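Text of the file run34.txt, holding compact mmCIF, C-alpha atoms:
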```txt
# COMPACT_ATOMS: atom_id res chain seq x y z
CA MET N 1 48.48 18.71 0.07
CA LEU N 2 44.75 19.23 -0.06
CA SER N 3 43.47 22.74 -0.33
CA SER N 4 41.12 24.04 2.33
CA GLU N 5 38.29 23.92 -0.21
CA ASP N 6 38.93 20.26 -1.05
CA ALA N 7 39.23 19.38 2.64
CA ALA N 8 35.87 21.00 3.35
CA THR N 9 34.34 19.18 0.38
CA LEU N 10 35.70 15.82 1.56
CA ARG N 11 34.31 16.46 5.02
CA SER N 12 30.91 17.29 3.54
CA ILE N 13 31.02 14.15 1.39
CA GLY N 14 31.93 12.00 4.39
CA LEU N 15 29.19 13.38 6.61
CA ASN N 16 26.59 13.05 3.87
CA PHE N 17 27.70 9.49 3.06
CA ILE N 18 27.39 8.43 6.69
CA LYS N 19 23.95 10.01 6.95
CA VAL N 20 22.67 8.41 3.75
CA PHE N 21 24.29 5.03 4.45
CA VAL N 22 22.61 4.76 7.87
CA THR N 23 19.23 5.71 6.41
CA ILE N 24 19.64 3.17 3.58
CA VAL N 25 20.39 0.44 6.12
CA LEU N 26 17.30 1.42 8.12
CA LYS N 27 15.16 1.46 4.98
CA THR N 28 16.49 -1.96 3.95
CA PHE N 29 15.43 -3.35 7.33
CA LEU N 30 11.97 -1.81 6.94
CA ILE N 31 11.71 -3.16 3.39
CA ALA N 32 12.40 -6.65 4.73
CA ILE N 33 9.55 -6.32 7.26
CA TYR N 34 7.29 -4.83 4.60
CA SER N 35 8.03 -7.72 2.21
CA ILE N 36 6.98 -10.24 4.88
CA LEU N 37 3.74 -8.33 5.33
CA VAL N 38 3.13 -8.35 1.56
CA VAL N 39 3.77 -12.10 1.31
CA TRP N 40 1.34 -12.66 4.19
CA THR N 41 -1.26 -10.54 2.42
CA GLY N 42 -0.79 -12.50 -0.79
CA SER N 43 -1.26 -15.78 1.07
CA LEU N 44 -4.59 -14.45 2.40
CA LEU N 45 -5.92 -13.00 -0.86
CA LEU N 46 -4.76 -15.32 -3.64
CA PRO N 47 -6.58 -18.47 -2.41
CA MET N 48 -9.91 -16.60 -2.48
CA ARG N 49 -9.91 -16.32 -6.29
CA THR N 50 -12.51 -13.58 -6.40
CA ARG N 51 -12.46 -10.36 -8.37
CA ALA N 52 -12.21 -8.22 -5.25
CA SER N 53 -9.33 -10.25 -3.83
CA ARG N 54 -7.45 -10.04 -7.14
CA TRP N 55 -7.83 -6.27 -7.26
CA LEU N 56 -6.70 -5.92 -3.66
CA CYS N 57 -3.76 -8.23 -4.23
CA ALA N 58 -2.74 -6.24 -7.32
CA THR N 59 -2.99 -3.01 -5.34
CA VAL N 60 -0.78 -4.32 -2.56
CA PHE N 61 1.80 -5.61 -5.05
CA VAL N 62 1.84 -2.34 -7.03
CA MET N 63 2.48 -0.34 -3.88
CA PHE N 64 5.22 -2.74 -2.86
CA GLY N 65 6.75 -2.42 -6.33
CA LEU N 66 6.78 1.38 -6.01
CA ALA N 67 8.40 1.10 -2.58
CA LEU N 68 11.08 -1.19 -4.05
CA ALA N 69 11.64 1.28 -6.90
CA LEU N 70 12.15 4.11 -4.41
CA TRP N 71 14.55 1.96 -2.40
CA MET N 72 16.60 1.14 -5.50
CA ILE N 73 16.70 4.81 -6.51
CA ASP N 74 18.07 5.64 -3.05
CA ILE N 75 20.83 3.06 -3.45
CA HIS N 76 21.59 4.36 -6.95
CA MET N 77 21.95 7.90 -5.62
CA VAL N 78 24.54 6.81 -3.05
CA ILE N 79 26.58 4.96 -5.68
CA SER N 80 26.26 7.68 -8.34
CA GLU N 81 27.35 10.40 -5.90
CA VAL N 82 30.59 8.54 -5.13
CA GLN N 83 31.14 7.60 -8.77
CA MET N 84 30.55 11.08 -10.20
CA THR N 85 32.69 12.74 -7.52
CA PHE N 86 35.75 10.47 -7.37
CA PHE N 87 35.72 8.55 -10.66
CA SER N 88 34.79 11.29 -13.12
CA ASP N 89 36.69 11.55 -16.42
CA SER N 90 36.88 15.34 -16.06
CA SER N 91 40.37 15.90 -14.62
CA GLU N 92 40.25 19.68 -14.89
CA SER N 93 37.22 20.15 -12.64
CA SER N 94 37.73 20.70 -8.94
CA LEU N 95 36.48 18.28 -6.32
CA ALA N 96 33.88 20.80 -5.17
CA SER N 97 32.45 21.23 -8.66
CA LEU N 98 32.29 17.48 -9.23
CA TYR N 99 30.50 16.99 -5.93
CA SER N 100 28.10 19.79 -6.77
CA ALA N 101 27.31 18.16 -10.14
CA ALA N 102 26.69 14.83 -8.40
CA ARG N 103 24.35 16.48 -5.91
CA SER N 104 22.44 18.21 -8.70
CA HIS N 105 22.04 14.87 -10.44
CA ASN N 106 20.62 13.31 -7.29
CA VAL N 107 18.22 16.19 -6.72
CA ARG N 108 16.59 15.39 -10.04
CA LEU N 109 16.16 11.79 -8.88
CA VAL N 110 14.61 13.01 -5.63
CA ALA N 111 12.03 14.84 -7.75
CA VAL N 112 11.19 11.53 -9.44
CA GLU N 113 10.88 9.92 -6.01
CA ASP N 114 8.46 12.64 -4.91
CA VAL N 115 6.22 11.84 -7.89
CA LEU N 116 6.27 8.08 -7.23
CA TYR N 117 5.57 8.75 -3.57
CA ALA N 118 2.60 10.98 -4.47
CA PHE N 119 1.02 8.24 -6.57
CA MET N 120 1.64 5.75 -3.76
CA THR N 121 -0.44 7.94 -1.47
CA VAL N 122 -3.22 8.02 -4.09
CA ILE N 123 -3.34 4.22 -4.21
CA GLY N 124 -3.28 4.05 -0.42
CA ASP N 125 -6.16 6.52 -0.22
CA GLY N 126 -8.12 4.26 -2.57
CA VAL N 127 -7.74 1.35 -0.13
CA VAL N 128 -8.85 3.56 2.75
CA ILE N 129 -11.97 4.65 0.85
CA TRP N 130 -12.68 1.00 0.05
CA ARG N 131 -12.89 0.39 3.79
CA VAL N 132 -15.21 3.33 4.26
CA HIS N 133 -17.50 1.94 1.57
CA ALA N 134 -17.73 -1.35 3.47
CA PHE N 135 -19.00 0.50 6.53
CA TRP N 136 -21.33 2.82 4.60
CA SER N 137 -22.69 0.58 1.85
CA TYR N 138 -26.29 0.31 3.06
CA GLY N 139 -28.94 2.22 1.10
CA ARG N 140 -28.43 5.96 0.79
CA GLN N 141 -25.46 5.79 3.14
CA LYS N 142 -23.34 5.08 0.06
CA LEU N 143 -23.47 8.79 -0.75
CA VAL N 144 -21.27 9.46 2.29
CA VAL N 145 -18.37 7.81 0.43
CA LEU N 146 -18.42 10.74 -1.99
CA ILE N 147 -16.85 12.95 0.69
CA PRO N 148 -13.47 11.14 0.91
CA ALA N 149 -13.70 10.32 -2.81
CA THR N 150 -13.73 14.06 -3.56
CA PHE N 151 -10.48 14.52 -1.68
CA LEU N 152 -9.07 11.51 -3.50
CA ALA N 153 -9.77 13.32 -6.77
CA GLY N 154 -7.85 16.26 -5.33
CA SER N 155 -4.91 13.96 -4.53
CA ILE N 156 -4.86 12.72 -8.12
CA THR N 157 -4.85 16.30 -9.41
CA THR N 158 -1.99 17.38 -7.15
CA SER N 159 0.00 14.27 -8.11
CA LEU N 160 -0.32 15.16 -11.79
CA LEU N 161 0.76 18.74 -11.10
CA LEU N 162 3.67 17.43 -9.05
CA THR N 163 4.73 15.37 -12.05
CA TYR N 164 4.92 18.60 -14.06
CA CYS N 165 7.07 20.16 -11.33
CA ALA N 166 9.42 17.17 -11.30
CA ILE N 167 9.95 17.46 -15.07
CA HIS N 168 10.47 21.22 -15.27
CA CYS N 169 11.50 22.36 -11.78
CA GLY N 170 13.14 19.38 -10.14
CA ASP N 171 16.25 21.23 -8.94
CA GLY N 172 14.54 23.21 -6.14
CA ILE N 173 14.32 20.39 -3.59
CA VAL N 174 15.75 20.62 -0.07
CA LEU N 175 15.46 17.70 2.39
CA GLY N 176 13.09 15.87 0.06
CA SER N 177 10.62 18.76 -0.37
CA PHE N 178 10.17 21.35 -3.10
CA GLN N 179 11.29 24.78 -1.90
CA SER N 180 11.29 26.59 -5.24
CA PRO N 181 9.44 27.65 -7.25
CA ARG N 182 6.62 28.61 -4.93
CA PHE N 183 3.99 26.90 -7.11
CA CYS N 184 5.66 23.50 -6.78
CA ARG N 185 6.18 23.94 -3.05
CA GLU N 186 2.51 24.69 -2.52
CA ILE N 187 1.43 21.83 -4.78
CA GLN N 188 3.49 19.37 -2.75
CA THR N 189 2.05 20.72 0.50
CA ALA N 190 -1.43 20.45 -1.02
CA SER N 191 -0.77 16.82 -1.96
CA TYR N 192 0.06 16.04 1.67
CA LEU N 193 -3.02 17.96 2.81
CA MET N 194 -5.30 16.03 0.45
CA THR N 195 -4.16 12.70 1.87
CA LEU N 196 -4.34 14.08 5.42
CA VAL N 197 -7.94 15.22 4.96
CA THR N 198 -8.91 12.01 3.15
CA THR N 199 -7.55 9.92 6.02
CA ALA N 200 -9.16 12.18 8.64
CA VAL N 201 -12.60 11.99 7.01
CA ALA N 202 -12.35 8.24 6.44
CA THR N 203 -11.22 7.60 10.01
CA ALA N 204 -14.04 9.76 11.37
CA LEU N 205 -16.63 7.87 9.31
CA ILE N 206 -15.30 4.49 10.42
CA ALA N 207 -15.09 5.71 14.02
CA TYR N 208 -18.75 6.76 13.94
CA LYS N 209 -19.86 3.34 12.72
CA THR N 210 -17.63 1.67 15.30
CA TRP N 211 -19.14 3.77 18.08
CA GLN N 212 -22.66 3.05 16.79
CA HIS N 213 -22.04 -0.67 16.68
CA ARG N 214 -20.49 -0.70 20.14
CA ARG N 215 -23.37 1.31 21.63
CA MET N 216 -25.98 -1.05 20.19
CA TYR N 217 -24.03 -4.06 21.35
CA LEU N 218 -23.96 -2.69 24.90
CA ASP N 219 -27.69 -1.96 24.74
CA ALA N 220 -28.32 -5.56 23.72
CA PHE N 221 -25.94 -7.41 26.05
CA GLY N 222 -25.32 -4.98 28.89
CA LYS N 223 -22.64 -2.44 29.69
CA GLN N 224 -20.45 -5.06 31.34
CA SER N 225 -19.96 -6.90 28.05
CA ARG N 226 -16.39 -7.12 26.86
CA ARG N 227 -15.31 -6.18 23.35
CA THR N 228 -15.78 -8.85 20.76
CA ARG N 229 -12.97 -9.73 18.38
CA THR N 230 -14.82 -7.90 15.62
CA GLN N 231 -15.05 -4.74 17.70
CA SER N 232 -11.36 -4.96 18.58
CA ILE N 233 -10.44 -4.99 14.89
CA MET N 234 -12.80 -2.09 14.23
CA PHE N 235 -11.09 -0.08 16.97
CA MET N 236 -7.70 -1.03 15.52
CA LEU N 237 -8.76 0.38 12.15
CA VAL N 238 -9.66 3.65 13.83
CA GLU N 239 -6.44 3.80 15.85
CA THR N 240 -4.18 3.04 12.89
CA GLY N 241 -6.09 5.64 10.88
CA ILE N 242 -5.33 8.27 13.53
CA LEU N 243 -1.63 7.35 13.48
CA TYR N 244 -1.58 7.55 9.68
CA MET N 245 -3.27 10.94 9.85
CA LEU N 246 -0.63 12.22 12.30
CA PHE N 247 2.07 10.89 9.99
CA PHE N 248 0.82 13.09 7.15
CA LEU N 249 0.42 16.02 9.51
CA VAL N 250 4.17 15.78 10.11
CA GLN N 251 4.66 15.69 6.32
CA VAL N 252 2.70 18.92 5.95
CA VAL N 253 4.71 20.64 8.69
CA LEU N 254 8.06 19.54 7.25
CA SER N 255 7.14 20.88 3.83
CA LEU N 256 6.88 24.44 5.20
CA LYS N 257 9.73 26.57 3.89
CA SER N 258 10.50 28.37 7.14
CA LEU N 259 10.78 25.17 9.17
CA ASN N 260 12.71 23.43 6.41
CA ALA N 261 15.30 26.23 6.42
CA ILE N 262 15.77 25.94 10.20
CA ILE N 263 16.17 22.16 10.11
CA SER N 264 18.66 22.25 7.23
CA LYS N 265 21.03 24.36 9.37
CA SER N 266 21.24 21.68 12.07
CA GLN N 267 23.17 18.48 11.43
CA VAL N 268 21.13 16.52 13.95
CA GLY N 269 17.83 17.86 12.61
CA SER N 270 18.88 17.25 9.02
CA PHE N 271 19.91 13.70 9.85
CA ALA N 272 16.62 12.99 11.65
CA VAL N 273 14.53 14.41 8.80
CA THR N 274 16.53 12.44 6.24
CA MET N 275 15.90 9.19 8.10
CA TYR N 276 12.22 10.08 8.35
CA GLN N 277 11.94 10.97 4.65
CA TYR N 278 13.61 7.73 3.59
CA SER N 279 11.08 5.75 5.65
CA THR N 280 7.91 7.49 4.47
CA SER N 281 7.38 5.29 1.41
CA ILE N 282 7.45 2.17 3.59
CA ILE N 283 4.85 3.66 5.95
CA VAL N 284 2.60 4.73 3.06
CA GLY N 285 2.78 1.25 1.57
CA ALA N 286 2.50 -0.68 4.82
CA TYR N 287 -0.60 1.08 6.19
CA PRO N 288 -3.03 -0.02 3.43
CA THR N 289 -1.45 -3.47 3.54
CA VAL N 290 -2.11 -3.69 7.28
CA ILE N 291 -5.74 -2.74 6.62
CA VAL N 292 -6.08 -5.57 4.09
CA VAL N 293 -4.46 -8.03 6.51
CA LEU N 294 -6.78 -6.99 9.35
CA VAL N 295 -9.81 -7.30 7.12
CA HIS N 296 -8.98 -10.67 5.56
CA SER N 297 -7.15 -12.43 8.35
CA LYS N 298 -9.01 -15.52 9.55
CA LEU N 299 -8.22 -14.44 13.10
CA SER N 300 -10.18 -11.22 12.76
CA VAL N 301 -13.59 -12.87 12.26
CA LEU N 302 -14.59 -9.88 10.18
CA ARG N 303 -15.36 -11.66 6.96
CA PRO N 304 -18.57 -13.62 6.40
CA ALA N 305 -17.79 -17.19 5.42
CA GLY N 306 -16.99 -17.55 1.73
CA GLU N 307 -16.79 -13.81 1.06
CA SER N 308 -13.73 -11.74 0.33
CA THR N 309 -15.07 -8.40 1.46
CA PHE N 310 -15.06 -6.85 4.87
CA MET N 311 -18.20 -6.93 6.93
CA ASN N 312 -21.00 -5.06 5.30
CA SER N 313 -22.72 -2.39 7.30
CA SER N 314 -26.00 -4.24 6.76
CA THR N 315 -24.72 -7.35 8.56
CA LEU N 316 -23.39 -5.97 11.82
CA LEU N 317 -24.26 -2.28 11.99
CA PHE N 318 -27.78 -1.05 12.61
CA ASN N 319 -29.64 2.19 12.10
CA THR N 320 -30.42 4.39 15.06
CA SER N 321 -34.07 3.44 14.67
CA THR N 322 -33.09 -0.16 15.40
CA ARG N 323 -31.73 0.86 18.78
CA ARG N 324 -34.98 2.51 19.78
CA THR N 325 -37.37 -0.17 18.53
CA GLY N 326 -35.28 -3.33 18.57
CA HIS N 327 -36.32 -4.12 14.99
CA LEU N 328 -34.93 -3.30 11.58
CA THR N 329 -36.86 -0.57 9.80
CA SER N 330 -35.21 -0.64 6.39
CA GLY N 331 -34.21 -3.72 4.46
CA ARG N 332 -33.72 -7.27 5.61
CA LEU N 333 -30.54 -8.68 7.07
CA PRO N 334 -28.79 -11.56 5.28
CA GLU N 335 -29.30 -15.04 6.63
CA THR N 336 -25.76 -15.08 8.02
CA SER N 337 -26.34 -12.02 10.20
CA ILE N 338 -27.30 -12.01 13.85
CA ASP N 339 -29.91 -9.72 15.33
CA LEU N 340 -28.43 -8.70 18.66
CA TYR N 341 -31.78 -7.53 19.99
CA GLU N 342 -33.52 -10.80 19.25
CA MET N 343 -30.75 -12.60 21.13
CA ALA N 344 -31.10 -10.23 24.07
CA ALA N 345 -34.88 -10.65 24.06
CA ALA N 346 -34.49 -14.43 24.02
CA ASP N 347 -32.23 -14.26 27.06
CA LYS N 348 -34.78 -12.15 28.90
CA ASP N 349 -37.57 -14.59 28.00
CA GLU N 350 -35.52 -17.48 29.39
CA GLU N 351 -34.95 -15.61 32.63
CA SER N 352 -38.65 -14.81 32.99
CA ASP N 353 -39.55 -18.46 32.31
CA ARG N 354 -37.20 -19.53 35.10
CA LYS N 355 -38.88 -17.11 37.49
CA ILE N 356 -42.37 -18.30 36.54
CA ALA N 357 -41.53 -21.99 36.88
CA PRO N 358 -41.14 -22.01 40.69
CA ASP N 359 -44.26 -19.91 41.11
CA SER N 360 -46.32 -22.31 39.03
CA SER N 361 -45.08 -25.32 40.99
CA SER N 362 -45.99 -23.68 44.31
CA THR N 363 -49.46 -22.89 42.97
CA MET N 364 -49.97 -26.56 42.11
CA GLN N 365 -48.96 -27.58 45.60
CA THR N 366 -51.44 -25.12 47.08
CA GLU N 367 -54.24 -26.51 44.95
CA ARG N 368 -53.44 -30.00 46.18
```
Write out the structure in this file as structure tokens.
Amino acid sequence: MLSSEDAATLRSIGLNFIKVFVTIVLKTFLIAIYSILVVWTGSLLLPMRTRASRWLCATVFVMFGLALALWMIDIHMVISEVQMTFFSDSSESSLASLYSAARSHNVRLVAVEDVLYAFMTVIGDGVVIWRVHAFWSYGRQKLVVLIPATFLAGSITTSLLLTYCAIHCGDGIVLGSFQSPRFCREIQTASYLMTLVTTAVATALIAYKTWQHRRMYLDAFGKQSRRTRTQSIMFMLVETGILYMLFFLVQVVLSLKSLNAIISKSQVGSFAVTMYQYSTSIIVGAYPTVIVVLVHSKLSVLRPAGESTFMNSSTLLFNTSTRRTGHLTSGRLPETSIDLYEMAAADKDEESDRKIAPDSSSTMQTER
């Protein structure tokens, strides 16, 4: 007969196994989708054979490798928990103590996962800043990139401090977040905040350039003009950036100790948070990959022919002085660029010529 303590332990093991097994299955499905996205990205970048495309391809593959490592650690934790609890050589220990030892072992691995996840966010932030630089790479506008780059430096610092916490204080994790000591809990929250602010600033900068470009396009071609394919992709970059920002806002909220304690008391809440935490690495890896796909896809019409970089702000985006005067005031556009105002002026000239033509013919008839 099982004792009441062993029966309670077995029930806890069963519930935890079901919860983790379902989340592993979900993560495996997401990994499969993510791998297709990575292969697609590689097929877009590798044929270019430029330095920028190689660096981007390496970045995408490194993030995918980290996501795979986290996935394999999750599978290892499920197997090790069962093995250390039911197949341990220690016959004198109770089932509860064996299960507790297995859980403590897995908590240390969760600390390692938190560190890998933190460095994934740093790499993802680098890709986001790369996009900002493409929009703000004209003249002194490059200095604007220093704003998100400063927060990126903060992300690197918090990731290094989180590594220290994982080595020395890795046993204070509840639901994937450090709860003790207080220093490590605040460092992890700060790491989420750094990425949140970096994404918010980057999205705001891209949104401003998108709005500026759209406004000038409407001034040139009329307010009834539909969005071009380029503008649609620009808006998609802004929208995905907002979603990514909200994702990290949820991360910040879940890292709060008071909320974490409330959720851990509910089986449904704990299960939902566990599924969310297991999926975060896929989201962090997939978002920068989606950006690269949007930028380099032949369907997006964002890349100039023969170039591997996203549209430069000097090719499609104009200064506010351009809108007022209809002419560029600083620098000269590349030969591949199109001056929207010259095109609009040409259309107006054609219309005026058509109006003058009938008048001139009637004047000739009068003279006759």
From N:Val268, N:Leu95, N:Ala32, N:Val250, residue lying nearest Glu5 in chain N [all atoms listed in the file]: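 Distance minimum relative to Glu5 in chain N lands on N:Leu95.
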Neighbours of point (22.3, 10.8, -9.6) within 6 Å, using only C-alpha atoms, written as a PyMOL selection string: chain N and resi 77+80+105-106
If you take all atoms listed in the file and a cut-off of 10 Å, which residues of range 17-75 of chain N touch range 126-144 of chain N, and what are their nearest atom pairs and distances in Å to one decimal, in chain and number order, as a tab-separated table?
```
residue	atom	partner	partner_atom	distance
N:Leu56	CA	N:Val127	CA	8.1
N:Thr59	CA	N:Val127	CA	8.3
N:Val60	CA	N:Val127	CA	9.3
```
Selected residue, from N:Ser97, N:Ala67, N:Ser12, N:Leu237, that lies nearest to Ser35 in chain N when counting all atoms listed in the file: N:Ala67
Residue among N:Tyr99, N:Leu45, N:Thr50, N:Gly285 lying closest to Asp6 in chain N, counting only C-alpha atoms: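 Using only C-alpha atoms, the shortest distance to Asp6 in chain N belongs to N:Tyr99.
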Selection: 10 Å around Thr9 in chain N, only C-alpha atoms, excl. self and same-chain fewer than 5 positions, as a list in words: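 Non-adjacent residues within range: Ser3, Ser4, Gly14, Leu15, Leu95, Ala96, Ser97, Leu98, Tyr99 and Ser100 of chain N.
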Atomic separation - CA of Phe87 in chain N relative to CA of Ile24 in chain N, Å: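 So the two atoms, CA of Ile24 in chain N and CA of Phe87 in chain N, lie 22.1 Å apart.
Of the listed residues (N:Ile283, N:Leu205, N:Ala166, N:Val82), N:Ala166 comes nearest to Arg108 in chain N; the distances count all atoms listed in the file.
The residue that comes closest to Gly42 in chain N, out of N:Thr158, N:Arg226, N:Phe64, N:Ala69 and on the basis of all atoms listed in the file, is N:Phe64.
Of note, CA of Ile282 in chain N and CA of Ile31 in chain N are spaced 6.8 Å apart.
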Which residue of N:Leu109, N:Leu218, N:Leu152, N:Leu116 approaches Leu68 in chain N most closely, using only C-alpha atoms: N:Leu116
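Taking CA of Lys209 in chain N as the reference point, CA of Ile242 in chain N is found at 15.4 Å.
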Quick one: 8 Å padding each side, axis-aligned, all listed atoms of range 137-153 of chain N - centre and edge lengths in Å to one decimal, as lines of an AutoDock Vina configuration file?
```
center_x = -19.0
center_y = 7.4
center_z = -1.8
size_x = 35.9
size_y = 30.2
size_z = 25.9
```
My structure is short of atoms at range 104-125 of chain N; please model N, CA, C and O atoms there, returning them as a CSV table (one decimal), in the frame of the given file.
```csv
chain,number,residue,atom,x,y,z
N,104,SER,N,23.5,17.7,-7.8
N,104,SER,CA,22.4,18.2,-8.7
N,104,SER,C,21.8,17.0,-9.4
N,104,SER,O,20.5,17.0,-9.6
N,105,HIS,N,22.6,16.1,-9.8
N,105,HIS,CA,22.0,14.9,-10.4
N,105,HIS,C,21.1,14.1,-9.5
N,105,HIS,O,20.0,13.7,-9.9
N,106,ASN,N,21.5,14.0,-8.3
N,106,ASN,CA,20.6,13.3,-7.3
N,106,ASN,C,19.3,14.1,-6.9
N,106,ASN,O,18.3,13.5,-6.7
N,107,VAL,N,19.4,15.4,-7.0
N,107,VAL,CA,18.2,16.2,-6.7
N,107,VAL,C,17.1,15.9,-7.8
N,107,VAL,O,16.0,15.8,-7.4
N,108,ARG,N,17.6,15.7,-9.0
N,108,ARG,CA,16.6,15.4,-10.0
N,108,ARG,C,15.9,14.0,-9.8
N,108,ARG,O,14.7,13.8,-10.0
N,109,LEU,N,16.7,13.1,-9.2
N,109,LEU,CA,16.2,11.8,-8.9
N,109,LEU,C,15.2,11.9,-7.7
N,109,LEU,O,14.2,11.2,-7.6
N,110,VAL,N,15.5,12.8,-6.8
N,110,VAL,CA,14.6,13.0,-5.6
N,110,VAL,C,13.3,13.5,-6.1
N,110,VAL,O,12.2,13.2,-5.6
N,111,ALA,N,13.3,14.4,-7.2
N,111,ALA,CA,12.0,14.8,-7.8
N,111,ALA,C,11.2,13.7,-8.3
N,111,ALA,O,10.0,13.6,-8.2
N,112,VAL,N,11.9,12.7,-8.9
N,112,VAL,CA,11.2,11.5,-9.4
N,112,VAL,C,10.6,10.7,-8.3
N,112,VAL,O,9.5,10.2,-8.3
N,113,GLU,N,11.4,10.6,-7.2
N,113,GLU,CA,10.9,9.9,-6.0
N,113,GLU,C,9.6,10.6,-5.4
N,113,GLU,O,8.7,9.9,-5.0
N,114,ASP,N,9.6,11.9,-5.4
N,114,ASP,CA,8.5,12.6,-4.9
N,114,ASP,C,7.2,12.3,-5.7
N,114,ASP,O,6.1,12.2,-5.2
N,115,VAL,N,7.4,12.2,-7.0
N,115,VAL,CA,6.2,11.8,-7.9
N,115,VAL,C,5.7,10.4,-7.6
N,115,VAL,O,4.5,10.2,-7.4
N,116,LEU,N,6.7,9.5,-7.5
N,116,LEU,CA,6.3,8.1,-7.2
N,116,LEU,C,5.6,8.0,-5.9
N,116,LEU,O,4.6,7.3,-5.7
N,117,TYR,N,6.1,8.7,-4.9
N,117,TYR,CA,5.6,8.8,-3.6
N,117,TYR,C,4.2,9.3,-3.6
N,117,TYR,O,3.3,8.8,-2.9
N,118,ALA,N,3.9,10.4,-4.4
N,118,ALA,CA,2.6,11.0,-4.5
N,118,ALA,C,1.6,10.0,-5.0
N,118,ALA,O,0.4,9.9,-4.5
N,119,PHE,N,2.0,9.2,-6.0
N,119,PHE,CA,1.0,8.2,-6.6
N,119,PHE,C,0.8,7.1,-5.6
N,119,PHE,O,-0.2,6.4,-5.6
N,120,MET,N,1.8,6.8,-4.8
N,120,MET,CA,1.6,5.8,-3.8
N,120,MET,C,0.6,6.2,-2.8
N,120,MET,O,-0.3,5.4,-2.4
N,121,THR,N,0.6,7.4,-2.4
N,121,THR,CA,-0.4,7.9,-1.5
N,121,THR,C,-1.8,7.9,-2.1
N,121,THR,O,-2.8,7.6,-1.4
N,122,VAL,N,-1.9,8.1,-3.4
N,122,VAL,CA,-3.2,8.0,-4.1
N,122,VAL,C,-3.8,6.6,-4.0
N,122,VAL,O,-4.9,6.4,-3.7
N,123,ILE,N,-2.9,5.6,-4.3
N,123,ILE,CA,-3.3,4.2,-4.2
N,123,ILE,C,-3.7,3.9,-2.8
N,123,ILE,O,-4.8,3.2,-2.5
N,124,GLY,N,-2.9,4.3,-1.8
N,124,GLY,CA,-3.3,4.0,-0.4
N,124,GLY,C,-4.6,4.7,0.0
N,124,GLY,O,-5.4,4.1,0.7
N,125,ASP,N,-4.9,5.9,-0.5
N,125,ASP,CA,-6.2,6.5,-0.2
N,125,ASP,C,-7.3,5.7,-0.8
N,125,ASP,O,-8.4,5.6,-0.2
```
